[in-house]
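The structure file final.txt is reproduced below (compact mmCIF, C-alpha atoms).
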# COMPACT_ATOMS: atom_id res chain seq x y z
CA MET A 192 22.59 -54.61 8.95
CA GLY A 193 19.59 -52.39 9.54
CA TRP A 194 21.06 -50.89 12.69
CA LEU A 195 24.29 -50.16 10.84
CA SER A 196 22.53 -48.22 8.09
CA GLU A 197 20.49 -46.30 10.68
CA SER A 198 23.65 -45.44 12.62
CA TRP A 199 25.35 -44.34 9.41
CA ARG A 200 22.39 -42.15 8.52
CA ARG A 201 22.43 -40.44 11.91
CA SER A 202 26.18 -39.93 11.74
CA SER A 203 25.84 -38.37 8.28
CA VAL A 204 23.19 -35.99 9.59
CA TRP A 205 25.46 -34.85 12.43
CA VAL A 206 28.39 -34.43 10.05
CA VAL A 207 26.31 -32.09 7.88
CA VAL A 208 24.37 -30.28 10.62
CA GLY A 209 27.16 -30.12 13.23
CA PRO A 210 29.32 -27.43 11.57
CA PHE A 211 26.28 -25.23 10.92
CA ALA A 212 25.18 -25.59 14.55
CA ILE A 213 28.64 -24.62 15.79
CA VAL A 214 28.83 -21.56 13.54
CA LEU A 215 25.34 -20.39 14.54
CA ALA A 216 25.90 -21.01 18.26
CA PHE A 217 29.31 -19.31 18.39
CA PRO A 218 28.00 -15.69 18.67
CA PHE A 219 25.89 -16.69 21.67
CA TYR A 220 28.88 -18.40 23.28
CA TRP A 221 30.99 -15.29 22.65
CA ALA A 222 28.36 -13.05 24.21
CA LEU A 223 27.94 -15.31 27.23
CA THR A 224 31.67 -15.49 27.99
CA THR A 225 32.10 -11.75 27.48
CA MET A 226 29.33 -10.99 29.99
CA PHE A 227 31.38 -12.32 32.91
CA LYS A 228 34.82 -11.00 32.01
CA ARG A 229 36.66 -8.07 33.55
CA ASP A 230 37.56 -5.03 31.47
CA LEU A 231 41.27 -5.83 31.88
CA ASP A 232 40.71 -9.28 30.39
CA LEU A 233 38.80 -7.87 27.42
CA TYR A 234 41.61 -5.48 26.47
CA ASN A 235 44.49 -7.85 27.23
CA ALA A 236 45.94 -9.08 23.93
CA GLN A 237 47.49 -12.09 25.70
CA SER A 238 44.13 -13.38 26.91
CA ILE A 239 42.50 -16.13 24.90
CA PRO A 240 39.23 -14.54 23.81
CA TYR A 241 37.14 -17.72 23.94
CA THR A 242 37.83 -18.73 27.56
CA TYR A 243 38.30 -17.20 31.00
CA ASN A 244 41.98 -16.54 31.66
CA ASP A 245 44.32 -13.87 32.97
CA GLY A 246 46.69 -13.74 30.00
CA ALA A 247 49.26 -15.99 31.68
CA GLY A 248 47.48 -19.25 30.97
CA HIS A 249 45.61 -19.33 34.29
CA ALA A 250 41.86 -19.74 34.27
CA HIS A 251 40.04 -16.72 35.62
CA TRP A 252 36.59 -15.27 35.47
CA ASP A 253 34.87 -12.45 37.25
CA PHE A 254 33.18 -14.26 40.13
CA TRP A 255 31.54 -11.02 41.29
CA ASN A 256 29.94 -10.49 37.89
CA TYR A 257 28.78 -14.10 37.83
CA MET A 258 27.23 -14.12 41.30
CA THR A 259 25.53 -10.72 41.18
CA PHE A 260 24.96 -10.30 37.44
CA HIS A 261 26.57 -6.91 37.91
CA HIS A 262 26.31 -5.83 34.28
CA VAL A 263 22.71 -6.99 33.99
CA THR A 264 21.95 -4.92 37.10
CA PHE A 265 23.68 -1.97 35.42
CA LEU A 266 21.34 -2.34 32.44
CA PHE A 267 18.17 -2.23 34.51
CA LYS A 268 19.23 0.42 37.03
CA HIS A 269 21.38 2.89 35.10
CA THR A 270 19.98 2.75 31.57
CA GLU A 271 16.58 2.87 29.89
CA TYR A 272 16.84 -0.81 28.97
CA PRO A 273 13.56 -1.80 30.71
CA THR A 274 11.81 0.95 28.72
CA TRP A 275 13.32 -0.38 25.50
CA LEU A 276 12.03 -3.85 26.31
CA VAL A 277 8.53 -2.52 26.94
CA ASN A 278 8.63 -0.40 23.77
CA THR A 279 9.76 -3.39 21.72
CA ALA A 280 6.94 -5.51 23.14
CA ILE A 281 4.35 -2.80 22.44
CA VAL A 282 5.51 -2.29 18.86
CA GLY A 283 5.79 -6.03 18.25
CA VAL A 284 2.31 -6.87 19.57
CA ALA A 285 0.72 -3.96 17.70
CA VAL A 286 2.41 -4.84 14.41
CA VAL A 287 1.51 -8.53 14.75
CA ALA A 288 -2.13 -7.61 15.40
CA ILE A 289 -2.26 -5.26 12.38
CA THR A 290 -0.53 -7.85 10.21
CA LEU A 291 -2.99 -10.60 11.13
CA VAL A 292 -6.06 -8.38 10.73
CA LEU A 293 -5.04 -7.37 7.20
CA SER A 294 -3.15 -10.40 5.88
CA LEU A 295 -5.61 -13.13 6.95
CA PRO A 296 -8.56 -11.88 4.86
CA ALA A 297 -6.23 -10.80 2.04
CA GLY A 298 -4.53 -14.19 1.86
CA TYR A 299 -7.86 -16.02 1.98
CA ALA A 300 -9.37 -13.82 -0.71
CA LEU A 301 -6.42 -14.36 -3.04
CA ALA A 302 -6.44 -18.11 -2.40
CA ARG A 303 -10.19 -18.77 -2.68
CA LEU A 304 -12.09 -15.88 -4.24
CA SER A 305 -9.78 -14.21 -6.75
CA GLY A 306 -9.80 -16.76 -9.55
CA PRO A 307 -6.84 -17.26 -11.91
CA TRP A 308 -5.26 -13.87 -11.25
CA GLY A 309 -4.88 -14.56 -7.51
CA GLN A 310 -1.50 -16.28 -7.88
CA THR A 311 -0.14 -13.42 -9.96
CA ALA A 312 -1.40 -10.88 -7.44
CA GLY A 313 0.17 -12.89 -4.61
CA VAL A 314 3.55 -12.89 -6.34
CA GLY A 315 3.23 -9.15 -6.93
CA ILE A 316 2.50 -8.58 -3.24
CA PHE A 317 5.51 -10.70 -2.27
CA LEU A 318 7.73 -8.64 -4.57
CA VAL A 319 6.82 -5.59 -2.48
CA TYR A 320 8.40 -7.36 0.50
CA LEU A 321 11.65 -7.72 -1.47
CA VAL A 322 12.07 -3.96 -1.90
CA PRO A 323 15.02 -2.90 0.33
CA PRO A 324 13.99 -0.78 3.33
CA THR A 325 16.61 1.81 2.43
CA LEU A 326 14.73 2.60 -0.80
CA LEU A 327 11.48 3.12 1.08
CA PHE A 328 13.05 5.23 3.79
CA LEU A 329 12.65 8.62 2.07
CA PRO A 330 8.95 8.35 1.15
CA LEU A 331 8.11 6.78 4.51
CA SER A 332 10.02 9.44 6.42
CA ARG A 333 8.05 12.08 4.50
CA LEU A 334 4.84 10.30 5.48
CA ILE A 335 5.86 10.19 9.14
CA ALA A 336 6.70 13.90 9.06
CA GLU A 337 3.36 14.81 7.47
CA LEU A 338 1.51 12.83 10.14
CA ASN A 339 3.64 14.43 12.88
CA LEU A 340 4.66 11.04 14.28
CA GLN A 341 8.39 11.70 14.58
CA ASP A 342 10.03 10.34 17.70
CA THR A 343 7.03 8.19 18.67
CA LEU A 344 6.34 4.48 18.74
CA TRP A 345 3.45 5.12 16.34
CA ALA A 346 5.98 5.77 13.58
CA MET A 347 7.25 2.18 13.79
CA ILE A 348 3.76 0.74 14.33
CA LEU A 349 2.69 2.45 11.09
CA VAL A 350 5.78 1.60 9.03
CA TYR A 351 6.59 -1.99 10.04
CA PRO A 352 3.39 -3.50 8.54
CA SER A 353 4.59 -2.24 5.16
CA PHE A 354 7.02 -5.16 5.05
CA THR A 355 5.27 -7.70 7.31
CA ILE A 356 1.89 -7.67 5.55
CA PRO A 357 3.18 -8.51 2.02
CA PHE A 358 5.13 -11.54 3.22
CA ALA A 359 2.35 -12.68 5.56
CA THR A 360 -0.26 -12.37 2.81
CA TRP A 361 1.84 -14.39 0.37
CA LEU A 362 2.58 -17.04 2.99
CA LEU A 363 -1.03 -17.38 4.15
CA MET A 364 -2.30 -17.46 0.57
CA GLY A 365 -0.16 -20.52 -0.11
CA PHE A 366 -1.18 -22.10 3.18
CA PHE A 367 -4.90 -21.59 2.57
CA LYS A 368 -4.53 -23.38 -0.76
CA THR A 369 -3.40 -26.51 1.08
CA ILE A 370 -6.70 -26.66 2.97
CA PRO A 371 -9.24 -28.86 1.11
CA GLN A 372 -12.05 -26.85 -0.45
CA GLU A 373 -14.45 -29.63 0.59
CA LEU A 374 -14.21 -28.59 4.26
CA GLU A 375 -15.61 -25.15 3.49
CA ASP A 376 -18.21 -26.53 1.07
CA ALA A 377 -19.48 -28.87 3.78
CA ALA A 378 -19.72 -25.98 6.25
CA LEU A 379 -21.62 -23.86 3.71
CA VAL A 380 -24.02 -26.73 3.04
CA ASP A 381 -24.64 -27.07 6.80
CA GLY A 382 -25.76 -23.44 6.93
CA CYS A 383 -22.59 -21.53 7.76
CA SER A 384 -21.97 -18.23 6.08
CA ARG A 385 -18.66 -17.58 4.35
CA LEU A 386 -17.36 -15.64 7.36
CA LYS A 387 -18.53 -18.26 9.85
CA ALA A 388 -16.90 -21.04 7.82
CA LEU A 389 -13.73 -18.97 7.73
CA TRP A 390 -13.80 -18.48 11.50
CA ARG A 391 -14.81 -22.02 12.52
CA ILE A 392 -13.18 -24.15 9.84
CA VAL A 393 -10.37 -22.39 8.01
CA PHE A 394 -8.68 -20.44 10.80
CA PRO A 395 -8.41 -23.39 13.27
CA VAL A 396 -6.85 -25.54 10.54
CA SER A 397 -4.50 -22.67 9.65
CA VAL A 398 -2.91 -22.36 13.10
CA PRO A 399 0.60 -23.38 11.84
CA GLY A 400 0.51 -20.66 9.20
CA ILE A 401 -0.83 -18.08 11.63
CA LEU A 402 1.86 -18.92 14.19
CA THR A 403 4.48 -18.59 11.47
CA VAL A 404 3.22 -15.10 10.68
CA VAL A 405 3.19 -14.15 14.38
CA ILE A 406 6.74 -15.36 15.02
CA PHE A 407 8.11 -13.93 11.78
CA SER A 408 6.48 -10.51 12.25
CA PHE A 409 7.52 -10.19 15.89
CA SER A 410 11.10 -11.20 15.07
CA LEU A 411 11.28 -8.55 12.36
CA CYS A 412 10.11 -5.90 14.85
CA VAL A 413 12.79 -6.92 17.33
CA ASN A 414 15.59 -7.02 14.75
CA GLU A 415 14.74 -4.00 12.60
CA PHE A 416 17.26 -1.18 12.98
CA ILE A 417 17.04 1.40 10.17
CA TYR A 418 13.56 2.77 10.87
CA ALA A 419 13.90 2.36 14.65
CA PHE A 420 17.12 4.39 14.55
CA THR A 421 15.99 7.19 12.23
CA PHE A 422 12.38 7.69 13.32
CA THR A 423 13.14 7.97 17.05
CA SER A 424 15.68 10.19 18.77
CA SER A 425 14.55 10.25 22.43
CA THR A 426 15.98 7.58 24.66
CA SER A 427 12.58 6.83 26.14
CA GLU A 428 11.07 6.17 22.68
CA ARG A 429 13.68 3.75 21.40
CA THR A 430 13.37 -0.01 21.00
CA ILE A 431 16.09 -2.53 21.80
CA SER A 432 17.59 -2.57 18.31
CA ALA A 433 18.16 1.20 18.36
CA GLY A 434 18.64 1.82 22.07
CA VAL A 435 21.41 -0.68 22.78
CA PRO A 436 23.96 0.49 20.16
CA ASN A 437 23.18 4.17 20.76
CA GLU A 438 23.18 4.28 24.55
CA LEU A 439 25.73 1.59 25.44
CA ILE A 440 28.38 2.82 22.99
CA ARG A 441 29.49 6.27 24.07
CA GLY A 442 32.21 7.63 21.85
CA ASP A 443 35.16 5.28 22.16
CA VAL A 444 33.82 3.69 25.37
CA PHE A 445 32.14 0.33 24.91
CA PHE A 446 30.26 -1.31 27.77
CA TRP A 447 31.00 -4.73 26.34
CA GLN A 448 29.61 -6.84 29.19
CA SER A 449 26.35 -4.89 29.30
CA LEU A 450 26.14 -4.91 25.51
CA MET A 451 26.38 -8.70 25.45
CA ALA A 452 23.82 -9.02 28.25
CA ALA A 453 21.45 -6.66 26.44
CA VAL A 454 21.73 -8.76 23.29
CA LEU A 455 21.21 -12.09 25.03
CA ILE A 456 18.18 -11.15 27.14
CA PRO A 457 15.69 -10.65 24.26
CA THR A 458 16.98 -13.74 22.46
CA ILE A 459 15.88 -16.03 25.30
CA PRO A 460 12.08 -15.62 24.86
CA LEU A 461 12.45 -15.69 21.07
CA ALA A 462 14.48 -18.90 21.25
CA LEU A 463 11.90 -20.48 23.58
CA LEU A 464 9.11 -19.36 21.24
CA TYR A 465 10.79 -20.87 18.20
CA ASN A 466 11.53 -24.09 20.09
CA ALA A 467 7.99 -24.44 21.45
CA PHE A 468 6.36 -24.06 18.03
CA LEU A 469 9.16 -25.41 15.84
CA ASP A 470 7.10 -28.15 14.20
CA ARG A 471 4.21 -25.83 13.40
CA PHE A 472 6.62 -23.12 12.28
CA ILE A 473 8.23 -25.47 9.74
CA LYS A 474 4.83 -26.74 8.65
CA GLY A 475 3.59 -23.19 8.15
CA PHE A 476 6.61 -22.20 6.08
CA THR A 477 6.63 -25.33 3.91
CA GLY A 478 2.87 -25.29 3.48
CA GLY A 479 2.83 -21.66 2.42
CA ALA A 480 6.01 -21.46 0.40
CA PHE A 481 5.77 -24.51 -1.83
CA ARG A 482 2.26 -24.21 -3.04
Show the structure stored in the file as structure tokens.
Amino acid sequence: MGWLSESWRRSSVWVVVGPFAIVLAFPFYWALTTMFKRDLDLYNAQSIPYTYNDGAGHAHWDFWNYMTFHHVTFLFKHTEYPTWLVNTAIVGVAVVAITLVLSLPAGYALARLSGPWGQTAGVGIFLVYLVPPTLLFLPLSRLIAELNLQDTLWAMILVYPSFTIPFATWLLMGFFKTIPQELEDAALVDGCSRLKALWRIVFPVSVPGILTVVIFSFSLCVNEFIYAFTFTSSTSERTISAGVPNELIRGDVFFWQSLMAAVLIPTIPLALLYNAFLDRFIKGFTGGAFR
């Protein structure tokens, strides 16, 4: 009867997880099918929106779009999409680096050196992350204007750490608390300084938490829209989140196929990144959040 209970358990998991997987995967399926449709099919009310058809029940898809990736070619040749990709990568890497440089020592200090008030301070820092970006927009926009950083990537590189560092510090603080104090004590007894023990002992053990911070911070930079839209106005200074809806929607003209392609392209490396480090990502979140 053991095999029966195991089969029942697996079936129960699929029954619970299956609907969520379908709902989450549907937008990607919609985008993928839209990429290879003709304009006439998109605006034909008789066409079934989820499949390739000509409105009369006959299967049809745009073979030319499929074979040549016509709308993807349009993105890279007739828009600033490659520039937006590069800008997004630059902002993401810079913000991740700033976040790690500031949140790693802050999280460690709150977890190991702050005493009883460290937990309270960590919760206070996390509450800063919960402040809606729309409330911080006015003071931050004033700051950007005073520093003369309008319409530059530096505006986003300066602003984004304001909401990545609080969460990263709180997460790393909880993760550092899961590391046994005895490991550091042994390193200090063997002659390591506090910084050397941190570099050689604590950081290598904290790789799941660090990867969680990297993935989370980079994803926020890719997805953020409010600051990217308001702090940049030049096409060449935009990131993907601001460039795609502004440049591929022109009045009442929507380049639907190119819009869907532009959305799918950046999701591929992010999906591969999440999949490659899924176990460590979950370990980092659970280790940091439930301590």
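Distances to Glu375 (chain A) were evaluated for A:Val393, A:Leu363, A:Val350, A:Val413 using all atoms listed in the file, and the minimum falls at A:Val393.
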Could I get the residues of region 274-320 of chain A with an atom no further than 12 Å from an atom of region 447-468 of chain A, each paired with its nearest atom pair and that distance in Å to one decimal, using only C-alpha atoms, sorted by chain and residue number, as a tab-separated table?
residue	atom	partner	partner_atom	distance
A:Trp275	CA	A:Ala453	CA	10.3
A:Leu276	CA	A:Pro457	CA	8.0
A:Val277	CA	A:Pro457	CA	11.2
A:Thr279	CA	A:Pro457	CA	9.7
A:Ala280	CA	A:Pro457	CA	10.2
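Taking CA of Pro273 (chain A) and CA of Ser408 (chain A) as the two end points, the separation is 21.6 Å.
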**Request:** Enter the distance from CA of Ala346 (chain A) to CA of Asn414 (chain A), in Å, rounded to one decimal.
**Result:** 16.0 Å
**Message:** One decimal, in Å: what's the spacing between CA of Gly434 (chain A) and CA of Val284 (chain A)?
**Reply:** 18.7 Å
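The smallest atom-to-atom distance between Ile289 (chain A) and any of A:Phe420, A:Glu337, A:Pro352, A:Thr311, using only C-alpha atoms, is found for A:Pro352.
Among the candidates A:Gly442, A:Ala222, A:Arg385, A:Ile401, the residue lying nearest to Ser294 (chain A) is A:Ile401 (atoms considered: all atoms listed in the file).
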**Message:** Using all atoms listed in the file and a cutoff of 12 Å, can you tell me which residues are near (15.3, 8.5, 15.3) in the file's coordinates, and write them out as a ChimeraX atom specification?
**Reply:** /A:332,335-336,340-344,346-347,416-430,432-434,437
Padded axis-aligned box of region 320-326 of chain A (3 Å per side), centre and edge lengths, Å, one decimal, as AutoDock Vina command-line options:
--center_x 12.5 --center_y -2.6 --center_z 0.7 --size_x 14.2 --size_y 16.3 --size_z 11.2
Hey, what's within 7 Å of Phe358 (chain A) if we count all atoms listed in the file and toss same-chain stuff fewer than 4 positions away? As a PDB file with C-alpha atoms, keeping the file's coordinate frame, please?
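The resulting file, around17.pdb, is shown below:
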ATOM      1  CA  PHE A 317       5.510 -10.700  -2.270  1.00  0.00           C
ATOM      2  CA  TYR A 320       8.400  -7.360   0.500  1.00  0.00           C
ATOM      3  CA  PHE A 354       7.020  -5.160   5.050  1.00  0.00           C
ATOM      4  CA  LEU A 362       2.580 -17.040   2.990  1.00  0.00           C
TER       5      LEU A 362
END
**Asked** With all atoms listed in the file as the atoms that count, which of A:Ala378, A:Leu266, A:Val319, A:Ile213 lies nearest to Glu438 (chain A)?
**Response** A:Leu266
**Message:** Counting all atoms listed in the file, I want the residues whose atoms come within 12 Å of (-7.0, -12.6, 1.6) in the file frame, returned as JSON, numbers by chain.
**Reply:** {"A": [290, 291, 292, 293, 294, 295, 296, 297, 298, 299, 300, 301, 302, 303, 304, 305, 309, 310, 312, 313, 316, 356, 357, 359, 360, 361, 362, 363, 364, 365, 366, 367, 368, 389]}
